[in-house]
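Shown here: coords.cif, mmCIF, C-alpha atoms and all ligand atoms.
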```cif
data_data
loop_
_atom_site.group_PDB
_atom_site.id
_atom_site.type_symbol
_atom_site.label_atom_id
_atom_site.label_comp_id
_atom_site.auth_asym_id
_atom_site.auth_seq_id
_atom_site.Cartn_x
_atom_site.Cartn_y
_atom_site.Cartn_z
ATOM 1 C CA SER A 29 64.031 85.076 175.520
ATOM 2 C CA HIS A 30 62.287 81.889 176.507
ATOM 3 C CA ALA A 31 60.195 79.485 174.479
ATOM 4 C CA PRO A 32 56.588 79.896 175.592
ATOM 5 C CA LEU A 33 55.312 77.350 178.090
ATOM 6 C CA ILE A 34 51.721 76.312 178.763
ATOM 7 C CA ALA A 35 50.974 75.412 182.381
ATOM 8 C CA PRO A 36 47.440 74.051 182.847
ATOM 9 C CA SER A 37 45.996 74.695 186.299
ATOM 10 C CA VAL A 38 44.611 71.401 187.566
ATOM 11 C CA LEU A 39 42.234 73.313 189.833
ATOM 12 C CA ALA A 40 39.804 73.273 186.906
ATOM 13 C CA SER A 41 40.256 69.574 186.132
ATOM 14 C CA ASP A 42 38.041 66.667 187.213
ATOM 15 C CA LEU A 43 39.598 66.322 190.642
ATOM 16 C CA SER A 44 38.111 62.860 191.130
ATOM 17 C CA ALA A 45 40.614 61.769 188.465
ATOM 18 C CA LEU A 46 43.545 64.100 189.136
ATOM 19 C CA GLY A 47 46.294 61.755 187.957
ATOM 20 C CA ASP A 48 44.453 60.864 184.759
ATOM 21 C CA GLU A 49 43.741 64.526 184.082
ATOM 22 C CA CYS A 50 47.399 65.473 184.488
ATOM 23 C CA GLU A 51 48.538 62.708 182.181
ATOM 24 C CA ALA A 52 45.883 63.642 179.631
ATOM 25 C CA VAL A 53 46.845 67.302 179.596
ATOM 26 C CA ILE A 54 50.558 66.454 179.334
ATOM 27 C CA ASP A 55 49.844 64.101 176.441
ATOM 28 C CA ALA A 56 47.885 67.012 174.942
ATOM 29 C CA GLY A 57 51.013 69.187 175.012
ATOM 30 C CA ALA A 58 51.216 70.810 178.445
ATOM 31 C CA ASP A 59 54.693 71.878 179.579
ATOM 32 C CA TRP A 60 54.171 72.267 183.326
ATOM 33 C CA ILE A 61 51.468 71.144 185.746
ATOM 34 C CA HIS A 62 50.306 74.214 187.701
ATOM 35 C CA PHE A 63 49.210 73.153 191.193
ATOM 36 C CA ASP A 64 47.217 75.751 193.132
ATOM 37 C CA VAL A 65 47.537 75.440 196.898
ATOM 38 C CA MET A 66 44.876 77.391 198.834
ATOM 39 C CA ASP A 67 44.455 77.466 202.599
ATOM 40 C CA ASN A 68 41.117 79.167 203.412
ATOM 41 C CA HIS A 69 43.119 81.869 205.189
ATOM 42 C CA TYR A 70 45.287 83.747 202.711
ATOM 43 C CA VAL A 71 42.567 83.079 200.118
ATOM 44 C CA PRO A 72 38.924 82.074 200.703
ATOM 45 C CA ASN A 73 39.191 78.603 199.195
ATOM 46 C CA LEU A 74 40.768 75.282 200.125
ATOM 47 C CA THR A 75 42.511 72.874 197.764
ATOM 48 C CA PHE A 76 45.457 70.479 198.049
ATOM 49 C CA GLY A 77 48.102 69.684 200.622
ATOM 50 C CA PRO A 78 51.532 68.060 200.307
ATOM 51 C CA PRO A 79 50.228 64.442 200.298
ATOM 52 C CA VAL A 80 48.247 65.086 197.112
ATOM 53 C CA CYS A 81 51.322 66.637 195.492
ATOM 54 C CA ALA A 82 53.475 63.710 196.616
ATOM 55 C CA SER A 83 51.109 61.136 195.102
ATOM 56 C CA LEU A 84 50.906 63.043 191.860
ATOM 57 C CA ALA A 85 54.678 63.548 191.712
ATOM 58 C CA LYS A 86 55.243 59.837 192.274
ATOM 59 C CA ARG A 87 52.922 58.953 189.408
ATOM 60 C CA LEU A 88 54.252 61.570 186.979
ATOM 61 C CA LYS A 89 57.834 60.614 187.778
ATOM 62 C CA LYS A 90 57.059 57.230 186.209
ATOM 63 C CA SER A 91 54.840 58.299 183.327
ATOM 64 C CA HIS A 92 56.131 61.796 182.441
ATOM 65 C CA PRO A 93 59.404 62.390 184.300
ATOM 66 C CA ASP A 94 60.262 65.579 182.406
ATOM 67 C CA VAL A 95 57.119 67.517 183.308
ATOM 68 C CA PRO A 96 57.550 69.645 186.430
ATOM 69 C CA ILE A 97 54.918 70.294 189.070
ATOM 70 C CA ASP A 98 54.742 74.063 189.550
ATOM 71 C CA VAL A 99 53.349 74.765 193.010
ATOM 72 C CA HIS A 100 51.594 78.123 193.424
ATOM 73 C CA MET A 101 51.184 78.656 197.146
ATOM 74 C CA MET A 102 48.287 80.858 198.225
ATOM 75 C CA VAL A 103 48.898 80.231 201.902
ATOM 76 C CA LYS A 104 49.954 82.157 204.968
ATOM 77 C CA PRO A 105 52.354 81.515 206.615
ATOM 78 C CA VAL A 106 54.498 80.013 203.863
ATOM 79 C CA ASP A 107 57.716 78.613 205.308
ATOM 80 C CA ALA A 108 56.660 75.209 206.674
ATOM 81 C CA LEU A 109 54.715 74.475 203.504
ATOM 82 C CA ILE A 110 57.621 75.450 201.245
ATOM 83 C CA THR A 111 59.663 72.693 202.833
ATOM 84 C CA ALA A 112 56.749 70.257 202.772
ATOM 85 C CA PHE A 113 55.998 70.826 199.074
ATOM 86 C CA ALA A 114 59.684 70.586 198.179
ATOM 87 C CA ASP A 115 59.722 67.185 199.913
ATOM 88 C CA ALA A 116 56.510 66.317 198.057
ATOM 89 C CA GLY A 117 58.209 66.671 194.670
ATOM 90 C CA ALA A 118 57.499 70.252 193.608
ATOM 91 C CA ALA A 119 59.924 71.421 190.924
ATOM 92 C CA SER A 120 59.102 75.075 191.487
ATOM 93 C CA ILE A 121 57.413 76.882 194.349
ATOM 94 C CA THR A 122 56.044 80.412 194.105
ATOM 95 C CA PHE A 123 54.462 82.390 196.928
ATOM 96 C CA HIS A 124 52.957 85.805 197.568
ATOM 97 C CA PRO A 125 55.380 88.238 199.235
ATOM 98 C CA GLU A 126 52.722 89.653 201.573
ATOM 99 C CA ALA A 127 52.130 86.107 202.899
ATOM 100 C CA SER A 128 55.748 85.718 204.037
ATOM 101 C CA GLU A 129 57.191 87.313 207.169
ATOM 102 C CA HIS A 130 60.715 87.210 205.718
ATOM 103 C CA ILE A 131 60.675 86.976 201.961
ATOM 104 C CA ASP A 132 64.380 86.407 201.447
ATOM 105 C CA ARG A 133 64.356 83.600 204.014
ATOM 106 C CA SER A 134 61.342 81.940 202.386
ATOM 107 C CA LEU A 135 63.027 82.070 198.962
ATOM 108 C CA GLN A 136 66.192 80.634 200.468
ATOM 109 C CA LEU A 137 64.205 77.761 202.016
ATOM 110 C CA ALA A 138 62.956 76.778 198.567
ATOM 111 C CA ILE A 139 66.445 77.131 197.056
ATOM 112 C CA ASP A 140 68.041 75.045 199.808
ATOM 113 C CA ALA A 141 65.409 72.375 199.190
ATOM 114 C CA GLY A 142 66.475 72.210 195.524
ATOM 115 C CA CYS A 143 63.449 73.955 194.024
ATOM 116 C CA LYS A 144 63.109 76.772 191.589
ATOM 117 C CA THR A 145 61.301 79.647 193.228
ATOM 118 C CA GLY A 146 59.715 83.019 192.701
ATOM 119 C CA LEU A 147 57.269 85.660 193.849
ATOM 120 C CA VAL A 148 53.617 86.124 192.920
ATOM 121 C CA PHE A 149 52.085 89.574 192.549
ATOM 122 C CA ASN A 150 48.356 90.130 193.009
ATOM 123 C CA PRO A 151 46.694 92.705 190.757
ATOM 124 C CA ALA A 152 47.270 95.507 193.282
ATOM 125 C CA THR A 153 50.561 94.341 194.828
ATOM 126 C CA PRO A 154 53.460 96.559 193.720
ATOM 127 C CA LEU A 155 56.473 95.000 191.977
ATOM 128 C CA GLU A 156 58.771 96.832 194.399
ATOM 129 C CA TYR A 157 59.769 93.633 196.220
ATOM 130 C CA LEU A 158 61.338 92.253 193.071
ATOM 131 C CA LYS A 159 64.434 94.368 192.869
ATOM 132 C CA TYR A 160 65.879 93.031 196.110
ATOM 133 C CA VAL A 161 65.546 89.356 195.210
ATOM 134 C CA LEU A 162 66.360 89.179 191.507
ATOM 135 C CA ASP A 163 69.425 87.048 192.229
ATOM 136 C CA LYS A 164 67.345 84.427 194.022
ATOM 137 C CA ILE A 165 64.322 83.916 191.809
ATOM 138 C CA ASP A 166 63.606 81.863 188.701
ATOM 139 C CA ILE A 167 59.993 82.961 188.182
ATOM 140 C CA VAL A 168 57.944 86.138 188.439
ATOM 141 C CA LEU A 169 54.231 85.345 188.493
ATOM 142 C CA ILE A 170 51.807 88.150 187.718
ATOM 143 C CA MET A 171 48.230 87.426 188.795
ATOM 144 C CA SER A 172 45.708 88.682 186.270
ATOM 145 C CA VAL A 173 42.815 87.883 188.647
ATOM 146 C CA ASN A 174 42.542 88.093 192.405
ATOM 147 C CA PRO A 175 43.698 84.718 193.724
ATOM 148 C CA GLY A 176 41.333 82.120 195.139
ATOM 149 C CA PHE A 177 39.197 80.841 192.282
ATOM 150 C CA GLY A 178 39.408 79.593 188.753
ATOM 151 C CA GLY A 179 37.144 80.851 186.007
ATOM 152 C CA GLN A 180 37.420 84.598 186.694
ATOM 153 C CA SER A 181 37.815 87.279 184.031
ATOM 154 C CA PHE A 182 41.234 88.587 183.021
ATOM 155 C CA ILE A 183 41.926 92.024 184.555
ATOM 156 C CA GLU A 184 43.082 94.239 181.675
ATOM 157 C CA GLU A 185 45.268 96.442 183.893
ATOM 158 C CA SER A 186 47.547 93.418 184.285
ATOM 159 C CA LEU A 187 48.973 94.020 180.815
ATOM 160 C CA GLY A 188 50.839 97.150 181.893
ATOM 161 C CA LYS A 189 52.177 95.357 184.931
ATOM 162 C CA ILE A 190 53.391 92.432 182.841
ATOM 163 C CA ALA A 191 55.286 94.916 180.675
ATOM 164 C CA GLU A 192 56.833 96.502 183.778
ATOM 165 C CA ALA A 193 57.904 93.101 185.075
ATOM 166 C CA ARG A 194 59.387 92.290 181.650
ATOM 167 C CA ASP A 195 61.506 95.449 181.801
ATOM 168 C CA ILE A 196 62.746 94.620 185.306
ATOM 169 C CA ILE A 197 63.656 91.063 184.295
ATOM 170 C CA ASP A 198 65.416 92.170 181.108
ATOM 171 C CA ALA A 199 67.374 94.854 182.956
ATOM 172 C CA SER A 200 68.508 92.237 185.493
ATOM 173 C CA GLY A 201 70.036 90.059 182.766
ATOM 174 C CA ARG A 202 68.951 87.041 184.801
ATOM 175 C CA ASP A 203 67.288 83.870 183.546
ATOM 176 C CA ILE A 204 63.802 84.467 184.973
ATOM 177 C CA ARG A 205 60.484 83.285 183.572
ATOM 178 C CA LEU A 206 57.563 85.702 183.446
ATOM 179 C CA GLN A 207 54.430 83.732 184.229
ATOM 180 C CA VAL A 208 50.850 85.017 184.108
ATOM 181 C CA ASP A 209 47.883 83.383 185.855
ATOM 182 C CA GLY A 210 44.175 84.096 185.712
ATOM 183 C CA GLY A 211 41.606 84.344 182.944
ATOM 184 C CA ILE A 212 43.990 83.379 180.143
ATOM 185 C CA LYS A 213 42.205 82.067 177.077
ATOM 186 C CA THR A 214 42.943 81.496 173.407
ATOM 187 C CA ASP A 215 41.520 84.925 172.587
ATOM 188 C CA ASN A 216 43.745 86.933 174.951
ATOM 189 C CA ILE A 217 46.965 84.885 175.213
ATOM 190 C CA LYS A 218 48.552 86.766 172.319
ATOM 191 C CA ARG A 219 48.163 90.115 174.062
ATOM 192 C CA VAL A 220 49.585 88.633 177.266
ATOM 193 C CA ALA A 221 52.596 87.379 175.316
ATOM 194 C CA GLU A 222 53.047 90.719 173.552
ATOM 195 C CA ALA A 223 53.136 92.415 176.950
ATOM 196 C CA GLY A 224 56.128 90.204 177.790
ATOM 197 C CA ALA A 225 54.912 86.961 179.373
ATOM 198 C CA ASP A 226 56.539 83.642 178.432
ATOM 199 C CA THR A 227 54.740 81.183 180.731
ATOM 200 C CA PHE A 228 50.968 80.890 180.612
ATOM 201 C CA VAL A 229 48.737 79.344 183.262
ATOM 202 C CA ALA A 230 45.261 78.371 182.091
ATOM 203 C CA GLY A 231 42.675 76.416 184.041
ATOM 204 C CA SER A 232 39.104 76.707 182.848
ATOM 205 C CA ALA A 233 40.118 77.553 179.263
ATOM 206 C CA ILE A 234 41.766 74.138 178.929
ATOM 207 C CA PHE A 235 39.853 71.829 181.265
ATOM 208 C CA GLY A 236 36.521 73.401 180.309
ATOM 209 C CA GLN A 237 36.906 72.021 176.777
ATOM 210 C CA PRO A 238 36.600 68.384 175.756
ATOM 211 C CA ASP A 239 39.700 68.412 173.537
ATOM 212 C CA TYR A 240 42.708 69.571 175.575
ATOM 213 C CA ALA A 241 45.099 69.082 172.653
ATOM 214 C CA LYS A 242 43.055 71.397 170.457
ATOM 215 C CA VAL A 243 43.012 74.201 173.052
ATOM 216 C CA ILE A 244 46.740 73.910 173.700
ATOM 217 C CA ALA A 245 47.500 73.824 169.972
ATOM 218 C CA ASP A 246 45.241 76.852 169.428
ATOM 219 C CA MET A 247 47.056 78.709 172.221
ATOM 220 C CA ARG A 248 50.446 77.858 170.724
ATOM 221 C CA GLY A 249 49.150 78.968 167.355
ATOM 222 C CA GLU A 250 48.368 82.389 168.832
ATOM 223 C CA LEU A 251 51.937 82.562 170.169
ATOM 224 C CA SER A 252 53.767 81.719 166.957
HETATM 225 C C1 LIG A 301 43.650 81.429 190.930
HETATM 226 C C2 LIG A 301 44.664 80.365 190.531
HETATM 227 C C3 LIG A 301 44.710 80.109 189.087
HETATM 228 C C4 LIG A 301 43.421 79.581 188.488
HETATM 229 C C5 LIG A 301 43.400 79.909 187.040
HETATM 230 O O1 LIG A 301 43.837 81.751 192.261
HETATM 231 O O2 LIG A 301 45.954 80.755 190.953
HETATM 232 O O3 LIG A 301 45.798 79.258 188.759
HETATM 233 O O4 LIG A 301 43.275 78.198 188.661
HETATM 234 O O5 LIG A 301 42.175 79.515 186.522
HETATM 235 P P1 LIG A 301 41.582 80.216 185.214
HETATM 236 O O6 LIG A 301 42.543 79.959 184.113
HETATM 237 O O7 LIG A 301 40.277 79.507 185.049
HETATM 238 O O8 LIG A 301 41.442 81.683 185.521
HETATM 239 ZN ZN ZN A 302 47.725 79.634 190.159
#
```

Can I see the file as structure tokens?
Amino acid sequence: SHAPLIAPSVLASDLSALGDECEAVIDAGADWIHFDVMDNHYVPNLTFGPPVCASLAKRLKKSHPDVPIDVHMMVKPVDALITAFADAGAASITFHPEASEHIDRSLQLAIDAGCKTGLVFNPATPLEYLKYVLDKIDIVLIMSVNPGFGGQSFIEESLGKIAEARDIIDASGRDIRLQVDGGIKTDNIKRVAEAGADTFVAGSAIFGQPDYAKVIADMRGELS
């Protein structure tokens, strides 16, 4: 089993100071920077492209070289942007299977570019795709909200799905992280962990508070 990781979603940060916000949240104890890419097509919102990721990666490489940028792609199609974000310094790239024409090929593109990769499952997307790609993925990401916006409420039905994903990962014997994204807060993170998650994305719960270190410490306290 994996040590729990906290991955703040910078979507909820002060985007006029993105680099400062990332450094602040890392200094406050964040393990990964979760970078939500939205295209106004696969999801009804628009965020960051590869140049923003490249600038951020360049800065973090100097100040915090051990903290990976975890790119969550909510885009369709995915392939050209997988390559572009790999070139822009993403350490991991996850995408939604229904947004890819050829899922195995898209995973392989990320692998060939030297990135960790994985699939993202919306609340009503079945986990069926997983069993065919377990040898290629490093991350399973279960969405506990419908993708597109920060600040939504955690969908309780996700807990059963997290447990199902945990069983699939354990049965595979592979080294795969189980990440959960959407509506995670100090008061529900323990239940998410008990369902089997080991990697926790949180946007508004962290950036909505003045003291990032306190929130992250409180979350870790719930996990220990
Ligand atoms: C939603 C994004 C999430 C979002 C999480 O589409 O993938 O990463 O920023 O934000 P909170 O934690 O506020 O639900
Ligand atoms: Zn996300």

Test item: residues lying within 10 Å of ligand LIG 301 (chain A) with all atoms listed in the file, as number ranges by chain: A: 35-41, 62-66, 71-73, 99-102, 148, 150, 169-182, 208-213, 228-236

Gly249 in chain A environment, 10 Å, all atoms listed in the file, sequence neighbours closer than 6 positions dropped, as a list of chain:residue names: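 Near Gly249 in chain A, the qualifying residues are A:Thr214, A:Lys218, A:Val243.
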
Who sits within 12 Å of Ala118 in chain A, only C-alpha atoms, same chain under 4 positions skipped, as JSON, numbers by chain: {"A": [60, 61, 62, 63, 64, 65, 77, 78, 79, 80, 81, 82, 83, 84, 85, 86, 88, 89, 95, 96, 97, 98, 99, 100, 101, 109, 110, 111, 112, 113, 114, 122, 138, 139, 141, 142, 143, 144, 145]}

For range 228-236 of chain A, take all atoms listed in the file, fit an axis-aligned box around them, add 8 Å to each of the six sides, then output centre and edge lengths in Å rounded to one decimal, as AutoDock Vina command-line options.
```
--center_x 43.7 --center_y 76.4 --center_z 181.5 --size_x 30.4 --size_y 25.1 --size_z 21.1
```

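Distance-wise, CA of Ile34 in chain A and CA of Asn216 in chain A end up 13.8 Å apart.
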
Selection under test: the PyMOL selection byres (((chain A and resi 206) around 10) and not hetatm); residues as number ranges by chain: A: 30, 32, 146, 166-170, 190-191, 193-194, 197, 203-205, 207-208, 221, 224-228

Could you please take those selected residues and save C-alpha atoms as a PDB file, in the coordinates of the input?
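The result, stored in result_23.pdb:
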```
ATOM      1  CA  HIS A  30      62.287  81.889 176.507  1.00  0.00           C
ATOM      2  CA  PRO A  32      56.588  79.896 175.592  1.00  0.00           C
ATOM      3  CA  GLY A 146      59.715  83.019 192.701  1.00  0.00           C
ATOM      4  CA  ASP A 166      63.606  81.863 188.701  1.00  0.00           C
ATOM      5  CA  ILE A 167      59.993  82.961 188.182  1.00  0.00           C
ATOM      6  CA  VAL A 168      57.944  86.138 188.439  1.00  0.00           C
ATOM      7  CA  LEU A 169      54.231  85.345 188.493  1.00  0.00           C
ATOM      8  CA  ILE A 170      51.807  88.150 187.718  1.00  0.00           C
ATOM      9  CA  ILE A 190      53.391  92.432 182.841  1.00  0.00           C
ATOM     10  CA  ALA A 191      55.286  94.916 180.675  1.00  0.00           C
ATOM     11  CA  ALA A 193      57.904  93.101 185.075  1.00  0.00           C
ATOM     12  CA  ARG A 194      59.387  92.290 181.650  1.00  0.00           C
ATOM     13  CA  ILE A 197      63.656  91.063 184.295  1.00  0.00           C
ATOM     14  CA  ASP A 203      67.288  83.870 183.546  1.00  0.00           C
ATOM     15  CA  ILE A 204      63.802  84.467 184.973  1.00  0.00           C
ATOM     16  CA  ARG A 205      60.484  83.285 183.572  1.00  0.00           C
ATOM     17  CA  GLN A 207      54.430  83.732 184.229  1.00  0.00           C
ATOM     18  CA  VAL A 208      50.850  85.017 184.108  1.00  0.00           C
ATOM     19  CA  ALA A 221      52.596  87.379 175.316  1.00  0.00           C
ATOM     20  CA  GLY A 224      56.128  90.204 177.790  1.00  0.00           C
ATOM     21  CA  ALA A 225      54.912  86.961 179.373  1.00  0.00           C
ATOM     22  CA  ASP A 226      56.539  83.642 178.432  1.00  0.00           C
ATOM     23  CA  THR A 227      54.740  81.183 180.731  1.00  0.00           C
ATOM     24  CA  PHE A 228      50.968  80.890 180.612  1.00  0.00           C
TER      25      PHE A 228
END
```

Nearest to ligand ZN 302 (chain A), chosen from A:Ile196, A:Leu147, A:Ala152, A:Ala245, with only C-alpha atoms and all ligand atoms counted in the distances: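 Of A:Ile196, A:Leu147, A:Ala152, A:Ala245, the one nearest ligand ZN 302 (chain A) is A:Leu147, counting only C-alpha atoms and all ligand atoms.
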
A:Tyr157, A:Tyr70, A:Phe149, A:Phe76 ranked by distance to Ser186 in chain A, top pick (using only C-alpha atoms): A:Phe149
